[in-house]
Amino acid sequence: MTRRSAGSRGRSSQVSRRRRGARKMTGADLNEDNLPDVEEEAHQLLDISQLKTLSHAEHADTDESVWAIAVQVFIPFVISGLGMVLAGLVLDEVQHWVVFKVVSEVFILVPALLGLKGNLEMTLASRLSTHANLGNMDSRQKQWSLIVGNMALTQCQATVVGFLASVVAMVMGWVPEGKFDVAHGLLLCASSVVTASLASFALGLVMIAVILSSRQCNINPDNIATPIAASLGDLTTLALLSGISMWLYNSIDTQPWLAPTIIGVFLVLTPVWIVIASRNTFTKEVLYTGWTPVISAMLISSVGGLILDFTVANFKGIAVFQPVINGVGGNLVAVQASRISTSLHRSSRLGKLPQHARTICLNPLEALCSRGGHARTARVLLMMVVPGHLIFTCTISYLQAGHTSITPIFVAVYLLAALLQVLLLLYICHVMVHWMWKKAIDPDNSAIPYLTAIGDFLGTGLLAIAFQFLYIIGDHDSDVGD
């Protein structure tokens, strides 16, 4: 006992001497030799604080039951799906308008502009939802700063992406045929820019109102903001694109100056939005770093538009289902991406994955079938695909819309395509969001544009394959093009 006590006293005195030596250490003592030790101790302290935050985040995630997630997501999901059905009805009708027949490149614009809800509005909803969950929107001053900065940012991005989408549509539509029409090019550009800007402004205001209201009602905005953005986005964007393009088409001969004037006005306003966004603390970084995902997503969606342009010529019935399957896939994966991003913001610092998510490329079964966490949410979202699409398909059938009879074989093939799309998207979402976080890329700004664009590409491609398969087996009627 005496030796142990003496040993203990010896160790205590050594610890005391080290502490006194640490107190006496001055700035001159912090040379290059001992700096790594200080940095290592600092990182250890950060890891301890992250573990505490992680336990709190996991506890908060556990408190949100499967039932609460399902109710909060499914109701906006159904509402958004009905909005997509209406968008499909609009596309089914306007495909016969003269502007869509003469300037068929407008079809290439459809997925690119509808995808703006993923590029801009749903990304805006994800950013603001994260800020709301972190308490950054609790004060009036921060609210106004976030609102003004983000609205200016989305206007800038909408104008640039709308312009680039029209250029891509012209290249994809005209280069293979070796033709170029200046009047039609100006029509495409003006229609795209005006549609993108007006839709972005209107939906941005709705997103802000939804997120502020959800916080007051103690509802997680991650669960409802992105579905509501999807519900209004497709219908608003498609209606604006159809109406504006038809208006500009009718004015080609009587008012040839109209389209170039519109393009000039929006291009002049772009520097104003850049100045406002660059002076805002919350949007300055996104303004400089957020272009790659937005433009890349637009290009991916444009490929889906090229598929749509080709497929509509052969199967008229695809028009009414294209916004629905694309919207559902983008809607559900955006909810998952927003939730994972918020969880990462709560549990660790950007660039360092939390302990429970160190493996990025998980086995698909593990990513979707493991217990609890994001896999549980993925299963809840996946279970909504079949009942959701059945509701939307029955609505289309009841309204007698489209050019395709809703037969049992059609429903089975269509649901298989929809399930495959969402399965792939949820796994890609898990890998992409965690990979971006590890690379110090904020997924709130980058993940959703890529995911919704991939959803558009997969949805349009799988739908085209489904219609081709149904045609081969003989399950078709007036869906075949004239």
# chains A, B, ... in the order shown; residues from 1 in each chain; ligands from 1
$ closest_atom_pairs --of "region 231-320 of chain A" --to "region 185-201 of chain A" --cutoff "10 Å" --atoms "only C-alpha atoms" --output "CSV"
residue,atom,partner,partner_atom,distance
A:Leu232,CA,A:Ala199,CA,9.4
A:Gly233,CA,A:Ala199,CA,7.3
A:Asp234,CA,A:Ala199,CA,9.4
A:Leu235,CA,A:Ala199,CA,9.8
A:Thr236,CA,A:Ala199,CA,6.4
A:Thr237,CA,A:Ala199,CA,5.7
A:Leu238,CA,A:Thr195,CA,8.4
A:Ala239,CA,A:Thr195,CA,9.0
A:Leu240,CA,A:Thr195,CA,5.6
A:Leu241,CA,A:Thr195,CA,5.6
A:Ser242,CA,A:Ser191,CA,8.6
A:Gly243,CA,A:Ser191,CA,9.0
A:Ile244,CA,A:Ser191,CA,5.8
A:Ser245,CA,A:Ser191,CA,5.3
A:Met246,CA,A:Ser191,CA,9.0
A:Trp247,CA,A:Ser191,CA,9.3
A:Leu248,CA,A:Leu187,CA,6.2
A:Tyr249,CA,A:Leu187,CA,6.9
A:Ser251,CA,A:Leu187,CA,9.7
A:Ile252,CA,A:Leu187,CA,8.2
A:Pro256,CA,A:Leu186,CA,9.5
A:Trp257,CA,A:Leu186,CA,9.9
A:Leu258,CA,A:Ala190,CA,9.0
A:Ala259,CA,A:Ala190,CA,5.5
A:Pro260,CA,A:Leu186,CA,6.5
A:Thr261,CA,A:Ala190,CA,8.8
A:Ile262,CA,A:Ala190,CA,6.2
A:Ile263,CA,A:Ala190,CA,5.4
A:Gly264,CA,A:Ala190,CA,9.2
A:Phe266,CA,A:Val193,CA,7.5
A:Leu267,CA,A:Val193,CA,9.2
$ write_last_selection --atoms "N, CA and C atoms" --output "PDB file, in the first residue's frame"
ATOM      1  N   LEU A 232     -45.654  22.343 -56.803  1.00  0.00           N
ATOM      2  CA  LEU A 232     -45.965  23.555 -57.543  1.00  0.00           C
ATOM      3  C   LEU A 232     -45.000  23.790 -58.695  1.00  0.00           C
ATOM      4  N   GLY A 233     -43.785  23.233 -58.586  1.00  0.00           N
ATOM      5  CA  GLY A 233     -42.751  23.529 -59.570  1.00  0.00           C
ATOM      6  C   GLY A 233     -43.088  23.083 -60.969  1.00  0.00           C
ATOM      7  N   ASP A 234     -43.486  21.823 -61.137  1.00  0.00           N
ATOM      8  CA  ASP A 234     -43.753  21.293 -62.475  1.00  0.00           C
ATOM      9  C   ASP A 234     -44.897  22.025 -63.152  1.00  0.00           C
ATOM     10  N   LEU A 235     -46.007  22.167 -62.434  1.00  0.00           N
ATOM     11  CA  LEU A 235     -47.186  22.796 -63.026  1.00  0.00           C
ATOM     12  C   LEU A 235     -46.920  24.252 -63.386  1.00  0.00           C
ATOM     13  N   THR A 236     -46.315  24.992 -62.463  1.00  0.00           N
ATOM     14  CA  THR A 236     -46.026  26.408 -62.715  1.00  0.00           C
ATOM     15  C   THR A 236     -45.074  26.578 -63.887  1.00  0.00           C
ATOM     16  N   THR A 237     -43.993  25.802 -63.882  1.00  0.00           N
ATOM     17  CA  THR A 237     -42.982  25.929 -64.923  1.00  0.00           C
ATOM     18  C   THR A 237     -43.523  25.547 -66.291  1.00  0.00           C
ATOM     19  N   LEU A 238     -44.266  24.444 -66.360  1.00  0.00           N
ATOM     20  CA  LEU A 238     -44.782  23.977 -67.645  1.00  0.00           C
ATOM     21  C   LEU A 238     -45.835  24.930 -68.202  1.00  0.00           C
ATOM     22  N   ALA A 239     -46.690  25.440 -67.319  1.00  0.00           N
ATOM     23  CA  ALA A 239     -47.700  26.405 -67.775  1.00  0.00           C
ATOM     24  C   ALA A 239     -47.043  27.679 -68.294  1.00  0.00           C
ATOM     25  N   LEU A 240     -46.023  28.171 -67.572  1.00  0.00           N
ATOM     26  CA  LEU A 240     -45.315  29.371 -68.027  1.00  0.00           C
ATOM     27  C   LEU A 240     -44.603  29.124 -69.356  1.00  0.00           C
ATOM     28  N   LEU A 241     -43.909  27.998 -69.477  1.00  0.00           N
ATOM     29  CA  LEU A 241     -43.176  27.700 -70.707  1.00  0.00           C
ATOM     30  C   LEU A 241     -44.118  27.618 -71.899  1.00  0.00           C
ATOM     31  N   SER A 242     -45.237  26.925 -71.733  1.00  0.00           N
ATOM     32  CA  SER A 242     -46.191  26.771 -72.832  1.00  0.00           C
ATOM     33  C   SER A 242     -46.783  28.112 -73.245  1.00  0.00           C
ATOM     34  N   GLY A 243     -47.256  28.876 -72.251  1.00  0.00           N
ATOM     35  CA  GLY A 243     -47.889  30.153 -72.558  1.00  0.00           C
ATOM     36  C   GLY A 243     -46.922  31.158 -73.165  1.00  0.00           C
ATOM     37  N   ILE A 244     -45.728  31.275 -72.595  1.00  0.00           N
ATOM     38  CA  ILE A 244     -44.762  32.262 -73.088  1.00  0.00           C
ATOM     39  C   ILE A 244     -44.254  31.883 -74.468  1.00  0.00           C
ATOM     40  N   SER A 245     -43.953  30.603 -74.681  1.00  0.00           N
ATOM     41  CA  SER A 245     -43.456  30.187 -75.998  1.00  0.00           C
ATOM     42  C   SER A 245     -44.518  30.384 -77.073  1.00  0.00           C
ATOM     43  N   MET A 246     -45.788  30.115 -76.750  1.00  0.00           N
ATOM     44  CA  MET A 246     -46.860  30.321 -77.733  1.00  0.00           C
ATOM     45  C   MET A 246     -47.043  31.808 -78.029  1.00  0.00           C
ATOM     46  N   TRP A 247     -46.959  32.646 -76.996  1.00  0.00           N
ATOM     47  CA  TRP A 247     -47.076  34.096 -77.169  1.00  0.00           C
ATOM     48  C   TRP A 247     -45.957  34.629 -78.056  1.00  0.00           C
ATOM     49  N   LEU A 248     -44.735  34.185 -77.797  1.00  0.00           N
ATOM     50  CA  LEU A 248     -43.599  34.644 -78.601  1.00  0.00           C
ATOM     51  C   LEU A 248     -43.668  34.095 -80.024  1.00  0.00           C
ATOM     52  N   TYR A 249     -44.195  32.885 -80.194  1.00  0.00           N
ATOM     53  CA  TYR A 249     -44.330  32.319 -81.538  1.00  0.00           C
ATOM     54  C   TYR A 249     -45.303  33.136 -82.378  1.00  0.00           C
ATOM     55  N   SER A 251     -45.831  36.212 -82.096  1.00  0.00           N
ATOM     56  CA  SER A 251     -45.314  37.558 -82.321  1.00  0.00           C
ATOM     57  C   SER A 251     -44.071  37.588 -83.214  1.00  0.00           C
ATOM     58  N   ILE A 252     -43.677  36.431 -83.760  1.00  0.00           N
ATOM     59  CA  ILE A 252     -42.465  36.378 -84.587  1.00  0.00           C
ATOM     60  C   ILE A 252     -42.580  37.307 -85.797  1.00  0.00           C
ATOM     61  N   PRO A 256     -40.998  41.224 -84.163  1.00  0.00           N
ATOM     62  CA  PRO A 256     -39.732  40.472 -84.131  1.00  0.00           C
ATOM     63  C   PRO A 256     -38.739  40.983 -83.097  1.00  0.00           C
ATOM     64  N   TRP A 257     -38.955  42.204 -82.580  1.00  0.00           N
ATOM     65  CA  TRP A 257     -38.051  42.793 -81.594  1.00  0.00           C
ATOM     66  C   TRP A 257     -38.331  42.304 -80.170  1.00  0.00           C
ATOM     67  N   LEU A 258     -39.474  41.633 -79.955  1.00  0.00           N
ATOM     68  CA  LEU A 258     -39.917  41.298 -78.604  1.00  0.00           C
ATOM     69  C   LEU A 258     -38.957  40.322 -77.908  1.00  0.00           C
ATOM     70  N   ALA A 259     -38.650  39.210 -78.557  1.00  0.00           N
ATOM     71  CA  ALA A 259     -37.789  38.191 -77.932  1.00  0.00           C
ATOM     72  C   ALA A 259     -36.395  38.723 -77.606  1.00  0.00           C
ATOM     73  N   PRO A 260     -35.700  39.429 -78.544  1.00  0.00           N
ATOM     74  CA  PRO A 260     -34.383  39.948 -78.178  1.00  0.00           C
ATOM     75  C   PRO A 260     -34.421  40.971 -77.064  1.00  0.00           C
ATOM     76  N   THR A 261     -35.504  41.783 -77.003  1.00  0.00           N
ATOM     77  CA  THR A 261     -35.625  42.765 -75.921  1.00  0.00           C
ATOM     78  C   THR A 261     -35.749  42.083 -74.570  1.00  0.00           C
ATOM     79  N   ILE A 262     -36.554  41.027 -74.504  1.00  0.00           N
ATOM     80  CA  ILE A 262     -36.729  40.282 -73.254  1.00  0.00           C
ATOM     81  C   ILE A 262     -35.403  39.685 -72.799  1.00  0.00           C
ATOM     82  N   ILE A 263     -34.679  39.104 -73.742  1.00  0.00           N
ATOM     83  CA  ILE A 263     -33.382  38.509 -73.396  1.00  0.00           C
ATOM     84  C   ILE A 263     -32.436  39.570 -72.858  1.00  0.00           C
ATOM     85  N   GLY A 264     -32.400  40.745 -73.509  1.00  0.00           N
ATOM     86  CA  GLY A 264     -31.526  41.831 -73.073  1.00  0.00           C
ATOM     87  C   GLY A 264     -31.847  42.318 -71.678  1.00  0.00           C
ATOM     88  N   PHE A 266     -33.283  40.710 -69.148  1.00  0.00           N
ATOM     89  CA  PHE A 266     -32.908  39.743 -68.112  1.00  0.00           C
ATOM     90  C   PHE A 266     -31.399  39.627 -67.975  1.00  0.00           C
ATOM     91  N   LEU A 267     -30.673  39.777 -69.068  1.00  0.00           N
ATOM     92  CA  LEU A 267     -29.219  39.731 -68.966  1.00  0.00           C
ATOM     93  C   LEU A 267     -28.675  40.965 -68.248  1.00  0.00           C
TER      94      LEU A 267
END
$ residues_around --residues "Ala112 (chain A)" --least-positions-apart "4" --cutoff "10 Å" --atoms "only C-alpha atoms" --output "number ranges by chain"
A: 107-108, 116-119, 161-162, 164-166, 168-169, 192, 196, 297-305, 453, 456
$ write_last_selection --atoms "N, CA and C atoms" --output "short mmCIF file (atom, residue, chain, number, x, y, z; two decimals), in the first residue's frame"
data_model
loop_
_atom_site.label_atom_id
_atom_site.label_comp_id
_atom_site.auth_asym_id
_atom_site.auth_seq_id
_atom_site.Cartn_x
_atom_site.Cartn_y
_atom_site.Cartn_z
N PHE A 107 -39.52 20.71 -76.54
CA PHE A 107 -39.60 19.49 -75.74
C PHE A 107 -38.29 19.23 -74.98
N ILE A 108 -37.15 19.60 -75.60
CA ILE A 108 -35.86 19.40 -74.93
C ILE A 108 -35.76 20.32 -73.71
N LEU A 116 -35.36 22.56 -62.88
CA LEU A 116 -34.92 23.71 -62.10
C LEU A 116 -35.45 23.67 -60.67
N LYS A 117 -36.59 22.99 -60.47
CA LYS A 117 -37.10 22.88 -59.10
C LYS A 117 -36.12 22.09 -58.23
N GLY A 118 -35.38 21.14 -58.89
CA GLY A 118 -34.34 20.44 -58.16
C GLY A 118 -33.06 21.24 -58.09
N ASN A 119 -32.76 21.96 -59.16
CA ASN A 119 -31.54 22.76 -59.19
C ASN A 119 -31.61 23.96 -58.25
N VAL A 161 -28.96 29.62 -66.06
CA VAL A 161 -29.31 28.25 -66.43
C VAL A 161 -30.36 28.24 -67.53
N GLY A 162 -31.34 29.14 -67.46
CA GLY A 162 -32.35 29.22 -68.51
C GLY A 162 -31.72 29.54 -69.86
N LEU A 164 -28.53 28.96 -70.79
CA LEU A 164 -27.72 27.82 -71.21
C LEU A 164 -28.59 26.65 -71.68
N ALA A 165 -29.74 26.46 -71.02
CA ALA A 165 -30.65 25.36 -71.41
C ALA A 165 -31.15 25.57 -72.83
N SER A 166 -31.44 26.82 -73.19
CA SER A 166 -31.91 27.09 -74.55
C SER A 166 -30.80 26.84 -75.58
N VAL A 168 -28.31 24.67 -75.23
CA VAL A 168 -28.17 23.22 -75.33
C VAL A 168 -29.29 22.63 -76.17
N ALA A 169 -30.53 23.12 -76.00
CA ALA A 169 -31.67 22.63 -76.79
C ALA A 169 -31.45 22.89 -78.27
N SER A 192 -37.18 30.32 -72.35
CA SER A 192 -36.47 29.62 -71.28
C SER A 192 -36.09 30.56 -70.14
N ALA A 196 -37.80 30.40 -66.42
CA ALA A 196 -36.93 30.07 -65.29
C ALA A 196 -36.97 31.15 -64.22
N ALA A 297 -26.35 19.45 -63.76
CA ALA A 297 -27.70 18.88 -63.67
C ALA A 297 -28.55 19.28 -64.86
N MET A 298 -28.40 20.53 -65.32
CA MET A 298 -29.14 20.99 -66.49
C MET A 298 -28.76 20.17 -67.72
N LEU A 299 -27.47 19.88 -67.88
CA LEU A 299 -27.01 19.09 -69.03
C LEU A 299 -27.57 17.66 -68.97
N ILE A 300 -27.56 17.07 -67.76
CA ILE A 300 -28.12 15.71 -67.61
C ILE A 300 -29.60 15.70 -67.94
N SER A 301 -30.34 16.71 -67.43
CA SER A 301 -31.77 16.79 -67.71
C SER A 301 -32.04 17.01 -69.19
N SER A 302 -31.15 17.75 -69.86
CA SER A 302 -31.33 18.00 -71.29
C SER A 302 -31.21 16.71 -72.09
N VAL A 303 -30.35 15.80 -71.64
CA VAL A 303 -30.27 14.49 -72.29
C VAL A 303 -31.61 13.77 -72.15
N GLY A 304 -32.20 13.88 -70.94
CA GLY A 304 -33.55 13.32 -70.76
C GLY A 304 -34.56 13.99 -71.68
N GLY A 305 -34.38 15.30 -71.91
CA GLY A 305 -35.26 16.02 -72.84
C GLY A 305 -35.11 15.53 -74.26
N ALA A 453 -31.66 15.58 -61.39
CA ALA A 453 -31.33 15.45 -62.81
C ALA A 453 -31.16 13.98 -63.19
N ASP A 456 -34.53 12.56 -63.46
CA ASP A 456 -35.17 12.88 -64.74
C ASP A 456 -34.67 11.96 -65.85
#
$ closest_residue --among "A:Leu86, A:Cys369, A:Ala334, A:Ile325" --to "Leu420 (chain A)" --atoms "only C-alpha atoms"
A:Ile325
$ select_by_dssp --residues "region 271-380 of chain A" --states "alpha helix (DSSP H)" --output "number ranges by chain"
A: 271-278, 284-289, 291-314, 318-347, 364-369, 373-380
$ write_last_selection --atoms "C-alpha atoms" --output "short mmCIF file (atom, residue, chain, number, x, y, z; two decimals), in the first residue's frame"
data_model
loop_
_atom_site.label_atom_id
_atom_site.label_comp_id
_atom_site.auth_asym_id
_atom_site.auth_seq_id
_atom_site.Cartn_x
_atom_site.Cartn_y
_atom_site.Cartn_z
CA PRO A 271 -25.27 41.64 -62.50
CA VAL A 272 -27.68 43.22 -60.00
CA TRP A 273 -28.51 39.80 -58.55
CA ILE A 274 -24.80 38.91 -58.49
CA VAL A 275 -23.94 42.03 -56.46
CA ILE A 276 -26.71 41.39 -53.90
CA ALA A 277 -25.82 37.71 -53.48
CA SER A 278 -22.07 38.40 -53.26
CA LYS A 284 -21.53 34.50 -51.03
CA GLU A 285 -19.84 31.10 -51.06
CA VAL A 286 -22.68 29.40 -52.96
CA LEU A 287 -22.57 32.13 -55.62
CA TYR A 288 -18.98 31.21 -56.45
CA THR A 289 -19.04 27.45 -55.86
CA TRP A 291 -22.49 26.60 -60.47
CA THR A 292 -21.00 23.21 -61.26
CA PRO A 293 -23.88 21.09 -59.87
CA VAL A 294 -26.55 23.39 -61.31
CA ILE A 295 -25.11 23.46 -64.83
CA SER A 296 -24.17 19.76 -64.78
CA ALA A 297 -27.70 18.88 -63.67
CA MET A 298 -29.14 20.99 -66.49
CA LEU A 299 -27.01 19.09 -69.03
CA ILE A 300 -28.12 15.71 -67.61
CA SER A 301 -31.77 16.79 -67.71
CA SER A 302 -31.33 18.00 -71.29
CA VAL A 303 -30.27 14.49 -72.29
CA GLY A 304 -33.55 13.32 -70.76
CA GLY A 305 -35.26 16.02 -72.84
CA LEU A 306 -33.68 14.65 -75.99
CA ILE A 307 -35.06 11.21 -75.09
CA LEU A 308 -38.48 12.79 -74.51
CA ASP A 309 -38.36 14.65 -77.84
CA PHE A 310 -37.62 11.38 -79.64
CA THR A 311 -40.09 9.24 -77.68
CA VAL A 312 -43.07 11.63 -77.90
CA ALA A 313 -42.81 11.42 -81.69
CA ASN A 314 -43.48 7.67 -81.46
CA ILE A 318 -45.70 9.15 -72.61
CA ALA A 319 -46.32 12.90 -72.24
CA VAL A 320 -48.83 12.63 -69.40
CA PHE A 321 -46.67 10.23 -67.37
CA GLN A 322 -43.28 11.88 -67.83
CA PRO A 323 -43.72 14.70 -65.26
CA VAL A 324 -45.27 12.22 -62.81
CA ILE A 325 -42.53 9.56 -62.77
CA ASN A 326 -39.76 12.16 -62.83
CA GLY A 327 -41.41 14.29 -60.17
CA VAL A 328 -42.04 11.38 -57.78
CA GLY A 329 -38.45 10.15 -58.03
CA GLY A 330 -36.97 13.61 -57.56
CA ASN A 331 -39.41 14.40 -54.77
CA LEU A 332 -38.57 11.34 -52.65
CA VAL A 333 -34.81 11.46 -53.16
CA ALA A 334 -34.76 15.17 -52.30
CA VAL A 335 -36.39 14.42 -48.93
CA GLN A 336 -33.73 11.78 -48.21
CA ALA A 337 -30.87 14.04 -49.31
CA SER A 338 -32.16 16.93 -47.21
CA ARG A 339 -32.49 14.72 -44.11
CA ILE A 340 -29.03 13.18 -44.49
CA SER A 341 -27.48 16.60 -45.03
CA THR A 342 -29.14 18.05 -41.93
CA SER A 343 -28.00 15.04 -39.89
CA LEU A 344 -24.40 15.53 -41.05
CA HIS A 345 -24.51 19.23 -40.24
CA ARG A 346 -25.66 18.36 -36.73
CA SER A 347 -23.23 15.52 -36.05
CA PRO A 364 -27.03 -1.57 -51.50
CA LEU A 365 -28.81 -3.98 -49.17
CA GLU A 366 -27.03 -2.52 -46.16
CA ALA A 367 -27.76 1.05 -47.25
CA LEU A 368 -31.47 0.33 -47.64
CA CYS A 369 -32.18 -2.58 -45.28
CA GLY A 373 -31.13 5.71 -39.29
CA HIS A 374 -31.30 6.76 -42.91
CA ALA A 375 -32.00 3.21 -44.11
CA ARG A 376 -35.27 3.30 -42.17
CA THR A 377 -36.23 6.57 -43.84
CA ALA A 378 -35.30 5.12 -47.24
CA ARG A 379 -37.67 2.19 -46.67
CA VAL A 380 -40.47 4.56 -45.64
#
$ atom_distance --atom1 "CA of Thr130 (chain A)" --atom2 "CA of Leu114 (chain A)"
23.7 Å
$ atom_distance --atom1 "CA of Leu153 (chain A)" --atom2 "CA of Leu269 (chain A)"
12.2 Å
$ residues_around --residues "region 461-465 of chain A" --least-positions-apart "3" --cutoff "7 Å" --atoms "only C-alpha atoms" --output "tab-separated table (two decimals) with C-alpha atoms, in the first residue's frame"
chain	number	residue	atom	x	y	z
A	307	ILE	CA	-35.06	11.21	-75.09
A	311	THR	CA	-40.09	9.24	-77.68
A	417	ALA	CA	-40.02	1.17	-63.82
A	457	PHE	CA	-32.77	10.91	-66.91
A	458	LEU	CA	-33.64	7.57	-65.29
A	468	GLN	CA	-41.33	0.22	-76.10
A	469	PHE	CA	-41.75	-3.07	-74.21
